[in-house]
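Text of input06.tsv, listed as TSV, C-alpha atoms:
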chain	number	residue	atom	x	y	z
A	927	MET	CA	198.40	69.68	59.29
A	928	ASN	CA	200.94	67.50	57.52
A	929	ILE	CA	204.48	67.55	58.95
A	930	LEU	CA	207.66	66.08	57.53
A	931	GLY	CA	209.92	64.60	60.15
A	932	THR	CA	213.24	62.89	60.71
A	933	GLY	CA	213.98	60.60	63.63
A	934	LEU	CA	210.30	59.81	64.13
A	935	SER	CA	211.01	56.21	65.13
A	936	GLY	CA	213.50	57.15	67.86
A	937	LEU	CA	213.13	57.64	71.61
A	938	VAL	CA	211.77	61.18	71.31
A	939	GLY	CA	210.22	61.05	67.86
A	940	SER	CA	208.09	57.95	68.33
A	941	ARG	CA	206.43	59.42	71.42
A	942	VAL	CA	205.91	62.76	69.68
A	943	VAL	CA	204.11	60.92	66.88
A	944	GLU	CA	201.91	59.07	69.40
A	945	LEU	CA	200.87	62.25	71.18
A	946	MET	CA	200.45	64.51	68.14
A	947	THR	CA	198.37	62.04	66.11
A	948	PRO	CA	195.59	62.40	64.94
A	949	ASP	CA	195.66	66.21	65.23
A	950	PHE	CA	198.74	66.22	63.02
A	951	SER	CA	199.96	63.86	60.32
A	952	LEU	CA	203.69	63.15	60.57
A	953	GLU	CA	205.60	61.63	57.66
A	954	ASN	CA	208.97	60.06	58.41
A	955	LEU	CA	212.03	60.84	56.29
A	956	SER	CA	214.37	57.93	56.91
A	957	LEU	CA	216.29	55.17	55.20
A	958	GLU	CA	213.21	53.00	55.68
A	959	THR	CA	211.17	55.44	53.58
A	960	GLY	CA	213.91	55.83	50.98
A	961	VAL	CA	215.48	59.06	52.22
A	962	ASP	CA	219.12	59.39	53.31
A	963	ILE	CA	219.24	62.78	55.01
A	964	THR	CA	223.03	62.94	54.66
A	965	ASP	CA	222.62	62.76	50.86
A	966	LYS	CA	221.58	66.12	49.39
A	967	LYS	CA	219.98	64.71	46.24
A	968	SER	CA	217.84	62.32	48.29
A	969	VAL	CA	216.58	65.19	50.44
A	970	ASP	CA	216.06	67.49	47.44
A	971	VAL	CA	213.85	64.96	45.64
A	972	TYR	CA	211.61	64.40	48.64
A	973	PHE	CA	211.15	68.08	49.49
A	974	ALA	CA	210.27	68.96	45.90
A	975	LYS	CA	207.12	66.85	46.09
A	976	SER	CA	206.00	67.77	49.62
A	977	SER	CA	203.52	70.50	50.54
A	978	ALA	CA	204.04	70.14	54.31
A	979	PRO	CA	204.52	73.58	55.93
A	980	TRP	CA	206.63	72.27	58.83
A	981	VAL	CA	209.63	69.95	59.17
A	982	PHE	CA	210.58	68.36	62.50
A	983	HIS	CA	214.28	67.46	62.37
A	984	LEU	CA	214.59	65.09	65.33
A	985	ALA	CA	217.22	62.73	63.93
A	986	ALA	CA	220.66	63.12	65.46
A	987	TYR	CA	223.89	61.32	66.20
A	988	THR	CA	223.76	61.28	70.00
A	989	ASP	CA	226.57	58.91	71.00
A	990	VAL	CA	228.61	61.42	73.01
A	991	GLN	CA	231.54	59.08	73.60
A	992	GLY	CA	231.50	57.73	70.04
A	993	ALA	CA	231.48	61.26	68.64
A	994	GLU	CA	234.50	62.25	70.73
A	995	LYS	CA	236.48	59.28	69.40
A	996	GLU	CA	235.92	60.61	65.86
A	997	ARG	CA	236.69	64.24	66.70
A	998	GLU	CA	239.89	64.24	64.63
A	999	LEU	CA	237.89	63.21	61.56
A	1000	GLY	CA	236.15	66.59	61.63
A	1001	GLU	CA	233.64	66.88	58.79
A	1002	GLY	CA	234.22	63.23	57.99
A	1003	SER	CA	232.85	62.07	61.34
A	1004	LYS	CA	229.43	60.46	61.73
A	1005	ALA	CA	228.38	63.19	64.13
A	1006	TRP	CA	229.16	65.94	61.61
A	1007	LYS	CA	227.42	64.15	58.75
A	1008	VAL	CA	224.18	63.64	60.68
A	1009	ASN	CA	224.11	66.68	62.96
A	1010	VAL	CA	225.50	69.30	60.57
A	1011	LEU	CA	225.53	68.11	56.96
A	1012	ALA	CA	222.05	66.60	57.05
A	1013	THR	CA	220.75	69.69	58.83
A	1014	GLU	CA	222.27	71.86	56.08
A	1015	HIS	CA	220.47	69.83	53.40
A	1016	ILE	CA	217.15	70.12	55.22
A	1017	ALA	CA	217.58	73.83	56.03
A	1018	GLU	CA	218.46	74.66	52.42
A	1019	ASN	CA	215.30	72.93	51.21
A	1020	CYS	CA	213.17	74.62	53.85
A	1021	LYS	CA	214.49	77.97	52.62
A	1022	LYS	CA	213.89	77.03	48.98
A	1023	PHE	CA	210.32	75.84	49.51
A	1024	GLY	CA	209.27	78.21	52.30
A	1025	LYS	CA	208.92	75.55	54.99
A	1026	LYS	CA	209.48	76.10	58.70
A	1027	LEU	CA	212.09	73.97	60.42
A	1028	LEU	CA	212.17	72.72	64.00
A	1029	TYR	CA	215.42	71.30	65.38
A	1030	ILE	CA	216.26	69.57	68.65
A	1031	ASP	CA	219.34	70.92	70.44
A	1032	THR	CA	220.98	69.90	73.70
A	1033	ASP	CA	221.96	71.35	77.07
A	1034	TYR	CA	225.50	70.30	76.10
A	1035	ALA	CA	225.52	73.50	74.03
A	1036	PHE	CA	226.90	75.22	77.13
A	1037	ASP	CA	230.24	74.85	78.92
A	1038	GLY	CA	228.75	74.51	82.40
A	1039	THR	CA	230.50	77.47	84.00
A	1040	LYS	CA	227.17	79.08	84.98
A	1041	LYS	CA	224.62	77.53	87.30
A	1042	GLU	CA	221.70	78.36	84.98
A	1043	TYR	CA	221.27	79.22	81.30
A	1044	SER	CA	218.55	81.08	79.40
A	1045	GLU	CA	217.85	81.11	75.67
A	1046	GLU	CA	219.83	84.36	75.41
A	1047	ASP	CA	223.09	82.82	76.65
A	1048	ALA	CA	225.68	82.17	73.95
A	1049	PRO	CA	226.59	78.52	73.35
A	1050	ASN	CA	230.09	77.32	74.15
A	1051	PRO	CA	230.11	73.56	73.53
A	1052	LEU	CA	232.94	71.42	74.90
A	1053	GLY	CA	232.78	68.00	73.23
A	1054	TRP	CA	232.54	67.04	69.57
A	1055	TYR	CA	228.93	65.86	69.88
A	1056	ALA	CA	227.95	69.22	71.37
A	1057	ILE	CA	229.95	71.15	68.79
A	1058	THR	CA	228.18	69.40	65.91
A	1059	LYS	CA	224.75	69.91	67.46
A	1060	THR	CA	225.51	73.60	67.95
A	1061	GLU	CA	226.65	73.92	64.34
A	1062	GLY	CA	223.40	72.31	63.24
A	1063	ALA	CA	221.41	74.77	65.33
A	1064	LYS	CA	223.21	77.66	63.64
A	1065	ARG	CA	221.99	76.44	60.24
A	1066	VAL	CA	218.42	76.37	61.50
A	1067	LEU	CA	218.51	79.77	63.21
A	1068	ALA	CA	219.90	81.27	59.99
A	1069	LEU	CA	216.41	80.73	58.55
A	1070	GLY	CA	215.18	83.63	60.68
A	1071	ASP	CA	211.46	83.43	61.40
A	1072	HIS	CA	211.37	80.03	59.67
A	1073	GLY	CA	213.83	78.46	62.12
A	1074	LEU	CA	212.91	77.05	65.54
A	1075	VAL	CA	215.30	75.38	67.98
A	1076	ILE	CA	214.25	73.65	71.18
A	1077	ARG	CA	216.86	72.59	73.70
A	1078	ILE	CA	216.19	69.52	75.79
A	1079	SER	CA	218.13	67.56	78.40
A	1080	ASN	CA	218.31	63.82	79.10
A	1081	PRO	CA	214.86	62.99	77.66
A	1082	TYR	CA	212.85	60.21	79.33
A	1083	ARG	CA	209.44	58.61	78.86
A	1084	ALA	CA	207.28	55.60	79.64
A	1085	HIS	CA	207.98	52.49	77.57
A	1086	PRO	CA	211.17	53.79	75.88
A	1087	VAL	CA	211.80	52.43	72.39
A	1088	GLY	CA	215.07	51.89	70.59
A	1089	LYS	CA	217.22	52.48	73.65
A	1090	LYS	CA	216.70	52.95	77.36
A	1091	ASP	CA	216.65	56.51	78.67
A	1092	PHE	CA	218.68	57.42	81.74
A	1093	VAL	CA	215.70	56.91	84.05
A	1094	HIS	CA	215.19	53.33	82.93
A	1095	LYS	CA	218.92	52.59	82.99
A	1096	MET	CA	218.99	53.63	86.65
A	1097	LEU	CA	215.70	51.87	87.36
A	1098	GLU	CA	216.85	48.60	85.80
A	1099	ARG	CA	219.83	48.44	88.16
A	1100	LEU	CA	217.82	49.48	91.20
A	1101	GLN	CA	215.15	46.85	90.53
A	1102	ALA	CA	217.92	44.26	90.33
A	1103	SER	CA	219.14	45.44	93.77
A	1104	GLN	CA	222.31	46.82	92.20
A	1105	THR	CA	223.83	50.13	93.26
A	1106	ILE	CA	223.84	53.22	91.07
A	1107	THR	CA	226.05	56.28	91.41
A	1108	GLY	CA	225.20	59.91	90.81
A	1109	ALA	CA	227.27	63.06	91.07
A	1110	THR	CA	226.24	65.40	93.86
A	1111	ASP	CA	228.00	68.45	92.39
A	1112	GLN	CA	226.40	68.46	88.93
A	1113	LEU	CA	223.13	70.10	87.87
A	1114	PHE	CA	220.77	69.25	85.03
A	1115	THR	CA	217.10	69.66	84.09
A	1116	PRO	CA	215.82	66.40	82.52
A	1117	THR	CA	213.03	66.57	79.94
A	1118	PHE	CA	209.84	64.49	80.14
A	1119	ILE	CA	209.23	63.64	76.48
A	1120	ASP	CA	205.46	64.10	76.81
A	1121	ASP	CA	206.21	67.77	77.54
A	1122	ILE	CA	208.08	68.02	74.22
A	1123	ALA	CA	204.95	67.02	72.32
A	1124	ALA	CA	202.87	69.57	74.23
A	1125	ALA	CA	205.47	72.25	73.54
A	1126	LEU	CA	205.62	71.44	69.83
A	1127	LYS	CA	201.86	71.79	69.49
A	1128	ALA	CA	201.98	75.22	71.13
A	1129	LEU	CA	205.01	76.37	69.16
A	1130	ILE	CA	203.83	75.46	65.68
A	1131	THR	CA	200.31	76.78	66.24
A	1132	THR	CA	201.79	80.16	67.23
A	1133	ASP	CA	204.34	80.16	64.38
A	1134	ALA	CA	207.14	80.50	66.93
A	1135	HIS	CA	210.77	80.90	65.93
A	1136	GLY	CA	214.09	81.28	67.71
A	1137	ILE	CA	215.16	79.22	70.73
A	1138	TYR	CA	213.05	77.64	73.48
A	1139	HIS	CA	214.18	75.48	76.39
A	1140	VAL	CA	211.86	72.52	77.01
A	1141	VAL	CA	213.10	71.11	80.31
A	1142	SER	CA	211.87	70.41	83.83
A	1143	GLY	CA	211.10	73.33	86.08
A	1144	SER	CA	213.87	72.88	88.63
A	1145	ALA	CA	217.45	71.67	88.45
A	1146	LEU	CA	218.74	68.70	90.41
A	1147	SER	CA	221.86	66.58	90.63
A	1148	PRO	CA	222.13	63.07	89.16
A	1149	TYR	CA	222.37	61.79	92.74
A	1150	GLU	CA	219.08	63.52	93.60
A	1151	ALA	CA	217.56	62.08	90.42
A	1152	GLY	CA	218.55	58.59	91.53
A	1153	LEU	CA	216.96	59.14	94.94
A	1154	ALA	CA	213.77	60.40	93.29
A	1155	ILE	CA	213.57	57.32	91.06
A	1156	ALA	CA	214.06	55.01	94.04
A	1157	ASP	CA	211.36	56.90	95.94
A	1158	VAL	CA	208.74	56.75	93.18
A	1159	TRP	CA	209.27	53.02	92.60
A	1160	GLY	CA	209.55	52.22	96.31
A	1161	ILE	CA	213.13	50.95	96.16
A	1162	ASP	CA	215.79	51.10	98.88
A	1163	LYS	CA	217.47	54.50	98.60
A	1164	ASN	CA	220.68	53.10	100.08
A	1165	LEU	CA	221.33	51.63	96.62
A	1166	VAL	CA	221.91	55.19	95.37
A	1167	GLN	CA	225.55	56.09	95.95
A	1168	LYS	CA	227.29	59.47	95.81
A	1169	THR	CA	230.14	60.42	93.52
A	1170	THR	CA	231.62	63.63	92.15
A	1171	PHE	CA	231.43	65.15	88.70
A	1172	ALA	CA	235.21	64.79	88.32
A	1173	GLU	CA	235.07	61.09	89.17
A	1174	MET	CA	232.04	60.41	86.99
A	1175	PHE	CA	233.52	62.01	83.88
A	1176	SER	CA	237.15	61.00	84.30
A	1177	GLY	CA	238.41	59.67	80.97
A	1178	ARG	CA	235.15	60.49	79.21
A	1179	ALA	CA	234.11	63.11	76.66
A	1180	PRO	CA	233.90	66.61	78.17
A	1181	ALA	CA	230.50	67.61	79.51
A	1182	PRO	CA	229.06	70.67	81.27
A	1183	GLN	CA	229.08	70.37	85.05
A	1184	TYR	CA	226.24	72.85	85.43
A	1185	ALA	CA	223.64	72.61	82.68
A	1186	ALA	CA	220.44	73.84	84.27
A	1187	LEU	CA	218.26	75.45	81.61
A	1188	LYS	CA	215.59	78.06	82.36
A	1189	ASN	CA	212.15	77.27	80.94
A	1190	ASP	CA	210.26	80.53	81.57
A	1191	LYS	CA	209.93	81.23	77.85
A	1192	ILE	CA	208.06	78.03	76.95
A	1193	ARG	CA	205.88	78.27	80.05
A	1194	SER	CA	204.87	81.78	78.98
A	1195	LEU	CA	203.00	80.10	76.11
A	1196	GLY	CA	200.84	78.24	78.61
A	1197	VAL	CA	202.66	74.92	78.24
A	1198	THR	CA	202.61	72.83	81.40
A	1199	ILE	CA	206.06	71.47	82.21
A	1200	HIS	CA	206.48	68.62	84.69
A	1201	SER	CA	209.06	68.72	87.44
A	1202	PHE	CA	211.33	65.67	87.47
A	1203	ALA	CA	209.39	64.15	90.37
A	1204	GLU	CA	206.09	64.73	88.56
A	1205	GLY	CA	207.49	63.37	85.31
A	1206	ILE	CA	208.75	60.08	86.70
A	1207	ALA	CA	205.54	59.64	88.69
A	1208	GLU	CA	203.66	59.94	85.39
A	1209	VAL	CA	206.06	57.45	83.80
A	1210	ARG	CA	205.31	54.89	86.50
A	1211	LYS	CA	201.57	55.55	86.18
A	1212	GLN	CA	201.66	55.04	82.40
A	1213	GLU	CA	203.70	51.86	82.73
A	1214	THR	CA	201.23	50.33	85.19
A	1215	LEU	CA	198.15	50.96	83.04
Translate this file's structure into structure tokens.
Amino acid sequence: MNILGTGLSGLVGSRVVELMTPDFSLENLSLETGVDITDKKSVDVYFAKSSAPWVFHLAAYTDVQGAEKERELGEGSKAWKVNVLATEHIAENCKKFGKKLLYIDTDYAFDGTKKEYSEEDAPNPLGWYAITKTEGAKRVLALGDHGLVIRISNPYRAHPVGKKDFVHKMLERLQASQTITGATDQLFTPTFIDDIAAALKALITTDAHGIYHVVSGSALSPYEAGLAIADVWGIDKNLVQKTTFAEMFSGRAPAPQYAALKNDKIRSLGVTIHSFAEGIAEVRKQETL
């Protein structure tokens, strides 16, 4: 099956391509291939000549702090142009040509006032990044049975490309015998990127639509994540220091304190989802091969 995709050279997308090839052929829509997804005409021209039944829209503006600084620009901000405007262009073409659209959303869709969220919970984003991602998701879900949204959280992988994921940022400091800090009163469910590829295969082969959470099976705090990383790599756990959510996010863009997502729905399709401990153990294994 041929699939059109955006963001296929990024942290998530490049690994998805690795794991879905050769069963699927993914074609990248990017500036490098002559497509500016924020320009409607550019998107229109490309879609008109493609017979691909699916589109993976993985490109996003993910700089949470940078997005917040441009909040007052509204629709003129980079986050809006990439996360909403580009998604509109792609969704409109999917509707016109009968293609199915998959979109990556974030656990930041929620305000963090609940300890755990399912796909049925209504979004209530706090920061500008989260607001724009939620608006993009609305455009995709408006396609009905042709729209598919998967929510992920803090994606990580072996050999990250483009930018370091949070696991490798922590690991880099720990391996240099530097301390790291993690909030003890915050919850999240990080996503092993290899699980995203497995989920996508299952979802598109079953013509799924709606919302699915693709995250680890159990929530943990950033402090616990730091301890787990130190444990897997055999590093002194005393380098992992405690802090609070309030201290960690003081002066920063708003974020949900509790953002644990339930993953029962994706597991019901038979997709194996790694726990965080299992995921980082697999990362270390892959990086030592």
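Residue nearest Leu1069 (chain A), chosen from A:Glu994, A:Leu1052, A:Gly1136, A:Thr1117 and counting only C-alpha atoms: A:Gly1136.
Coordinates place CA of Arg1077 (chain A) at a distance of 23.4 Å from CA of Gly1024 (chain A).
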Taking all atoms listed in the file into account, name the residue in A:Leu1187, A:Leu1129, A:Ala974, A:Leu1011 that is nearest to Ser1142 (chain A).
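For Ser1142 (chain A), the nearest of the candidates is A:Leu1187.
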Near Ser1147 (chain A), within 6 Å and counting only C-alpha atoms, which residues show up once chain neighbours fewer than 2 positions away are dropped, as a VMD selection string?
chain A and resid 1110 1112 to 1113 1149 to 1150
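For Lys1188 (chain A), the residues within 9 Å (counting only C-alpha atoms, excluding itself and residues fewer than 2 positions away along the chain) are Glu1042, Tyr1043, Ser1044, Glu1045, Thr1115, His1139, Val1140, Val1141, Ser1142, Gly1143, Ser1144, Ala1186, Asp1190 and Lys1191 of chain A.
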Select, from A:Phe1114, A:Ala1154, A:Leu984, A:Ser1194, the residue with the minimum atom-to-atom distance to Lys1040 (chain A), counting all atoms listed in the file.
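The answer is A:Phe1114, which sits nearest to Lys1040 (chain A).
Here the question is which of A:Pro1148, A:Gly1000, A:Gly1160, A:Pro1116 gets nearest to His1200 (chain A) using only C-alpha atoms, and that residue is A:Pro1116.
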My list of candidates is A:Thr1198, A:Gln991, A:Asn1050, A:Asn1019. Which is closest to Ser968 (chain A) when distances are computed with all atoms listed in the file?
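Once distances to Ser968 (chain A) are computed over all atoms listed in the file, the minimum belongs to A:Asn1019.
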Spatial neighbours of region 952-965 of chain A, max dist 10 Å, all atoms listed in the file, sep filter under 5 positions, as a PDB file with C-alpha atoms, in the coordinates of the input:
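Generated output (selection13.pdb):
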ATOM      1  CA  MET A 927     198.400  69.680  59.290  1.00  0.00           C
ATOM      2  CA  ASN A 928     200.940  67.500  57.520  1.00  0.00           C
ATOM      3  CA  ILE A 929     204.480  67.550  58.950  1.00  0.00           C
ATOM      4  CA  LEU A 930     207.660  66.080  57.530  1.00  0.00           C
ATOM      5  CA  GLY A 931     209.920  64.600  60.150  1.00  0.00           C
ATOM      6  CA  THR A 932     213.240  62.890  60.710  1.00  0.00           C
ATOM      7  CA  GLY A 933     213.980  60.600  63.630  1.00  0.00           C
ATOM      8  CA  LEU A 934     210.300  59.810  64.130  1.00  0.00           C
ATOM      9  CA  SER A 935     211.010  56.210  65.130  1.00  0.00           C
ATOM     10  CA  GLY A 939     210.220  61.050  67.860  1.00  0.00           C
ATOM     11  CA  VAL A 942     205.910  62.760  69.680  1.00  0.00           C
ATOM     12  CA  VAL A 943     204.110  60.920  66.880  1.00  0.00           C
ATOM     13  CA  GLU A 944     201.910  59.070  69.400  1.00  0.00           C
ATOM     14  CA  MET A 946     200.450  64.510  68.140  1.00  0.00           C
ATOM     15  CA  THR A 947     198.370  62.040  66.110  1.00  0.00           C
ATOM     16  CA  ASP A 970     216.060  67.490  47.440  1.00  0.00           C
ATOM     17  CA  VAL A 971     213.850  64.960  45.640  1.00  0.00           C
ATOM     18  CA  TYR A 972     211.610  64.400  48.640  1.00  0.00           C
ATOM     19  CA  PHE A 973     211.150  68.080  49.490  1.00  0.00           C
ATOM     20  CA  ALA A 978     204.040  70.140  54.310  1.00  0.00           C
ATOM     21  CA  TRP A 980     206.630  72.270  58.830  1.00  0.00           C
ATOM     22  CA  VAL A 981     209.630  69.950  59.170  1.00  0.00           C
ATOM     23  CA  PHE A 982     210.580  68.360  62.500  1.00  0.00           C
ATOM     24  CA  HIS A 983     214.280  67.460  62.370  1.00  0.00           C
ATOM     25  CA  ALA A 985     217.220  62.730  63.930  1.00  0.00           C
ATOM     26  CA  LYS A1004     229.430  60.460  61.730  1.00  0.00           C
ATOM     27  CA  TRP A1006     229.160  65.940  61.610  1.00  0.00           C
ATOM     28  CA  LYS A1007     227.420  64.150  58.750  1.00  0.00           C
ATOM     29  CA  VAL A1008     224.180  63.640  60.680  1.00  0.00           C
ATOM     30  CA  ASN A1009     224.110  66.680  62.960  1.00  0.00           C
ATOM     31  CA  VAL A1010     225.500  69.300  60.570  1.00  0.00           C
ATOM     32  CA  LEU A1011     225.530  68.110  56.960  1.00  0.00           C
ATOM     33  CA  ALA A1012     222.050  66.600  57.050  1.00  0.00           C
ATOM     34  CA  THR A1013     220.750  69.690  58.830  1.00  0.00           C
ATOM     35  CA  GLU A1014     222.270  71.860  56.080  1.00  0.00           C
ATOM     36  CA  HIS A1015     220.470  69.830  53.400  1.00  0.00           C
ATOM     37  CA  ILE A1016     217.150  70.120  55.220  1.00  0.00           C
TER      38      ILE A1016
END
Which value, in Å to one decimal, gives the distance between CA of Phe1036 (chain A) and CA of Gly1053 (chain A)?
10.1 Å
When you draw a straight line from CA of Leu1126 (chain A) to CA of Ala1084 (chain A), how long is it in Å?
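These two atoms are separated by 18.7 Å.
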For Lys1095 (chain A), which residue among A:Asp1047, A:Gly1152, A:Ala1068, A:Gln1212 is the nearest when counting only C-alpha atoms?
A:Gly1152
Shell of 7 Å around Val1197 (chain A), only C-alpha atoms, local chain residues under 2 positions omitted, as JSON, numbers by chain:
{"A": [1124, 1125, 1192, 1193, 1195, 1199]}
For region 1170-1177 of chain A, please output as a list in words all residues within 9 Å (counting only C-alpha atoms; exclusion window: fewer than 2 positions along the same chain).
Thr1107, Gly1108, Ala1109, Thr1110, Asp1111, Gln1112, Lys1168, Ala1179, Pro1180, Ala1181 and Gln1183 of chain A
